[in-house]
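J.: Before I ask anything, here is the structure I am working with.
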Amino acid sequence: EDDNAGAETPTAENTNQEFLNEPLVTDLYTADPSAHVFNGRIYIYPSHDIDAGIPDDDTGDQYAMRDYHVYSMDSVGGEVTDHGVALDIDDVPWAGKQMWAPDAAFKDGTYYLYFPVKDKNDVFRIGVATSDSPTGPFTPEPEPIANSFSMDPAVYMDDDGSAYMFFGGIWGGQLQRWSTGEYNPNDEYPADDQPALMPKVARMSPDMKSFSEEVRDVQLLDENGQPLLAGDNERRFFEAAWMHKYNGKYYFSYSTGDTHNIAYAVGDSPYGPFTYQGVLLNPVQGWTNHHSIVEKDGQWYVFYHDTQISGKNHLRNIKVAELNHRPDGTIETITAYNE
Ligand code: FUB
């Protein structure tokens with residue numbers, strides 16, 4: 001992985017955004033921002049990047065994070081408050097290393113923090129921790145979520161109160177090791193002309209701490225209704241699942257990883273299938289691209305990260321930009337840099 005590999009040719013489609021491209025946090029490195037509006041305030045649940053001195057490799061060992069901070073702000077453009085450490089790896093009894101991209105949810109007076117971390121056998125699992133405050137501190141459950149695997153959880157609460165966890169990521173995220181449903185330590189990928197590995201979804205139980213059903217594939221289809229292929233690196237799923245709903249349609253968005261796009265696909269159900277539509281965020285500075293999408297006071301935003309402050313892939317800084325749906329439901333492609 002080259003430092004700042006993704007950002008060679010940015011071309012600006014919407015360059016007049018007031019908040020575009022300002023780091024939201026400058027005293028810590030932050031990444032993978034999952035933003036939510038709780039009680040009228042924006043809360044951001046990012047990864048907390050650190051420099052553990054581990055060289056870059058394709059399995060992401062250099063992303064060796066050990067805790068989470070929660071941030072909040074009244075509105076985009078307002079002051080950003082750091083609420084301190086919300087969860088530390090030392091408080092998670094089963095955790096080994098690499099606290100990666102988290103998400104959060106709220107139900108019936110309780111806030112839930114969902115976090116992927118490798119267990120003591122170096123297998124990614126997804127944990128859950130609870131708090132009566134959106135900023136924590138969060139108390140982790142003693143075990144990972146049963147039947148969870150891989151990483152990058154995104155928990156979507158539908159209008160009817162049903163919650164779904166989307167998750168998974170290939171390469172360092174280990175999704176390719178679960179093709180049979182059991183963990184296989186060897187990386188096994190489909191051939192380029194075969195359907196790609198698909199992200200996963202499971203409905204959450206009412207207690208929000210377990211899956212209420214077997215994990216399913218999220219089908220991502222091309223314009224002909226065929227599954228995106230493993231060799232279609234520009235469009236196939238890599239990591240960083242997110243779900244939002246707009247005008248009654250379900251928008252599944254994700255990173256294409258080695259091609260550095262945030263792409264999206266639209267469907268009529270949280271389970272999909274989802275038909276590929278295009279890129280909503282062009283590559284940013286740094287290898288990874290990871291986002292969330294949230295509405296506040298009638299404006300949609302994409303939270304994302306790049307490596308502006310450090311120039312290093314694993315030391316990122318979170319940012320926000322306006323996101324706009326066109327009248328036909330497609331999303332205007334955002335380029336995070338003025339020319
Ligand atoms: O932050 C560690 C990993 O990098 C995340 O889990 C991925 O989505 C990528 O952003």
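Following the order of the structure tokens, first chain is A, next is B, and so on, with residues numbered from 1 inside each chain and ligands from 1 in the order they appear.
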Kindly work out which residues sit at most 9 Å from ligand 1, using only C-alpha atoms and all ligand atoms, and give the list as a PyMOL selection string.

T.: chain A and resi 30-32+46-49+60+62-65+98-102+116+151-153+169+172-173+238-241+254-255+257+287-291+305+314+316

J.: Grab the residues selected above and save them as a compact mmCIF listing (two decimals), in the first residue's frame with C-alpha atoms.

T.:
```txt
# COMPACT_ATOMS: atom_id res chain seq x y z
CA THR A 30 -9.65 9.54 13.82
CA ALA A 31 -11.18 7.46 11.03
CA ASP A 32 -14.23 5.47 9.89
CA PRO A 46 -14.94 6.85 14.79
CA SER A 47 -11.93 4.62 15.02
CA HIS A 48 -9.04 6.13 16.99
CA ASP A 49 -5.93 5.68 14.89
CA GLY A 60 -3.98 -3.99 7.70
CA GLN A 62 -0.77 -1.28 10.89
CA TYR A 63 -4.32 -0.35 11.94
CA ALA A 64 -3.61 -1.36 15.54
CA MET A 65 -6.18 0.71 17.40
CA GLN A 98 -7.14 -4.05 16.22
CA MET A 99 -10.28 -2.20 17.28
CA TRP A 100 -11.61 -1.25 13.86
CA ALA A 101 -14.57 0.72 12.54
CA PRO A 102 -17.42 0.91 15.09
CA PRO A 116 -14.99 -5.24 15.53
CA MET A 151 -15.65 -6.48 10.70
CA ASP A 152 -17.15 -3.05 9.93
CA PRO A 153 -20.58 -3.41 11.58
CA GLY A 169 -14.83 -6.82 4.72
CA GLY A 172 -7.59 -7.92 6.26
CA GLY A 173 -11.26 -8.00 7.23
CA PHE A 238 -14.73 -4.55 -0.09
CA GLU A 239 -15.67 -3.08 3.36
CA ALA A 240 -17.37 -0.15 5.15
CA ALA A 241 -21.06 -1.05 4.82
CA TYR A 254 -19.70 0.67 0.82
CA SER A 255 -16.02 0.99 -0.01
CA GLY A 257 -11.26 -0.99 -1.16
CA TRP A 287 -5.60 4.02 0.92
CA THR A 288 -8.84 3.55 2.83
CA ASN A 289 -12.16 5.23 2.15
CA HIS A 290 -14.88 4.84 4.79
CA HIS A 291 -17.99 6.87 5.38
CA HIS A 305 -11.87 10.54 6.43
CA HIS A 314 -3.10 4.49 9.02
CA ARG A 316 -6.43 9.51 9.41
```

J.: Going by DSSP on the backbone, which bits of range 94-309 of chain A are strand (DSSP E or B)? Write them as a ChimeraX atom specification, please.

T.: /A:95-97,103-107,110-119,124-131,139-140,154-157,163-167,195,200-204,211,216-217,220-221,227,229,239-246,249-255,262-267,274-281,292-296,299-306

J.: Rounded to one decimal in Å, what is the spacing between CA of Ile126 in chain A and CA of Asp306 in chain A?

T.: 24.5 Å

J.: With a distance cut-off of 10 Å and only C-alpha atoms, select the neighbouring residues of Asp232 in chain A, excluding the residue or stretch itself and same-chain residues fewer than 6 positions from it, and output the selection as a list in words.

T.: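 The residues satisfying every condition are Asp192, Asp193, Gln194, Pro195, Ala196, Thr256 and Thr259 of chain A.
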
J.: Figure out the distance between CA of Met243 in chain A and CA of Tyr156 in chain A, please, to one decimal in Å.

T.: 6.2 Å

J.: Please, what distance in Å, to one decimal, runs between CA of Gln308 in chain A and CA of Leu24 in chain A?

T.: 11.5 Å

J.: Please provide as a PDB file with C-alpha atoms, in the first residue's frame all residues within 9 Å of range 68-73 of chain A, with the sequence filter that same-chain residues fewer than 4 positions apart are discarded (counting only C-alpha atoms).

T.:
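Writing the result to out33.pdb gives the following:
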```
ATOM      1  CA  VAL A  25     -10.560  16.579  14.975  1.00  0.00           C
ATOM      2  CA  THR A  30      -9.649   9.542  13.821  1.00  0.00           C
ATOM      3  CA  ARG A  41     -27.420  16.277  18.367  1.00  0.00           C
ATOM      4  CA  ILE A  42     -24.862  14.707  16.032  1.00  0.00           C
ATOM      5  CA  TYR A  43     -22.742  11.967  17.617  1.00  0.00           C
ATOM      6  CA  ILE A  44     -19.749  10.542  15.794  1.00  0.00           C
ATOM      7  CA  TYR A  45     -18.319   7.098  16.535  1.00  0.00           C
ATOM      8  CA  PRO A  46     -14.942   6.852  14.789  1.00  0.00           C
ATOM      9  CA  SER A  47     -11.930   4.618  15.021  1.00  0.00           C
ATOM     10  CA  HIS A  48      -9.039   6.134  16.989  1.00  0.00           C
ATOM     11  CA  GLY A  77     -20.017  23.488  11.389  1.00  0.00           C
ATOM     12  CA  GLY A  78     -20.511  23.716  15.159  1.00  0.00           C
ATOM     13  CA  GLU A  79     -17.946  23.081  17.835  1.00  0.00           C
ATOM     14  CA  VAL A  80     -16.816  19.447  18.062  1.00  0.00           C
ATOM     15  CA  THR A  81     -16.713  18.003  21.597  1.00  0.00           C
ATOM     16  CA  ASP A  82     -14.448  15.065  22.463  1.00  0.00           C
ATOM     17  CA  HIS A  83     -16.162  13.008  25.157  1.00  0.00           C
ATOM     18  CA  GLY A  84     -13.029  11.029  26.001  1.00  0.00           C
ATOM     19  CA  VAL A  85     -12.451   7.288  26.014  1.00  0.00           C
ATOM     20  CA  ALA A  86     -15.756   5.461  25.567  1.00  0.00           C
ATOM     21  CA  LEU A  87     -14.338   1.925  25.447  1.00  0.00           C
ATOM     22  CA  ASP A  88     -10.819   0.550  25.918  1.00  0.00           C
ATOM     23  CA  ILE A  89      -9.541  -2.761  24.570  1.00  0.00           C
ATOM     24  CA  MET A  99     -10.278  -2.200  17.277  1.00  0.00           C
ATOM     25  CA  PRO A 102     -17.419   0.915  15.092  1.00  0.00           C
ATOM     26  CA  PRO A 134     -24.564   8.282  23.818  1.00  0.00           C
ATOM     27  CA  THR A 135     -21.022   9.222  24.832  1.00  0.00           C
ATOM     28  CA  GLY A 136     -20.396   6.245  27.096  1.00  0.00           C
TER      29      GLY A 136
END
```

J.: Pick out the closest residue to Asn21 in chain A from this set: A:Asn224, A:Thr139, A:Gln285, A:Ser292. Count only C-alpha atoms.

T.: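 Going through A:Asn224, A:Thr139, A:Gln285, A:Ser292 one by one, the smallest distance to Asn21 in chain A is for A:Gln285.
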
J.: Could you pull out the helix (DSSP H, G or I) residues of range 110-250 of chain A from DSSP and send them as a ChimeraX atom specification?

T.: /A:171-173,175-177

J.: Write out, as a tab-separated table, each residue of range 8-118 of chain A that has an atom at most 10 Å from range 207-218 of chain A, together with the closest pair of atoms and their distance in Å to one decimal, counting only C-alpha atoms, rows going by chain and rising number.

T.:
```
residue	atom	partner	partner_atom	distance
A:Ala105	CA	A:Met208	CA	8.7
A:Phe106	CA	A:Met208	CA	9.2
A:Lys107	CA	A:Met208	CA	8.1
A:Asp108	CA	A:Asp207	CA	9.7
A:Thr110	CA	A:Met208	CA	9.7
A:Tyr111	CA	A:Met208	CA	9.8
A:Tyr112	CA	A:Met208	CA	7.7
A:Tyr114	CA	A:Lys209	CA	9.2
```
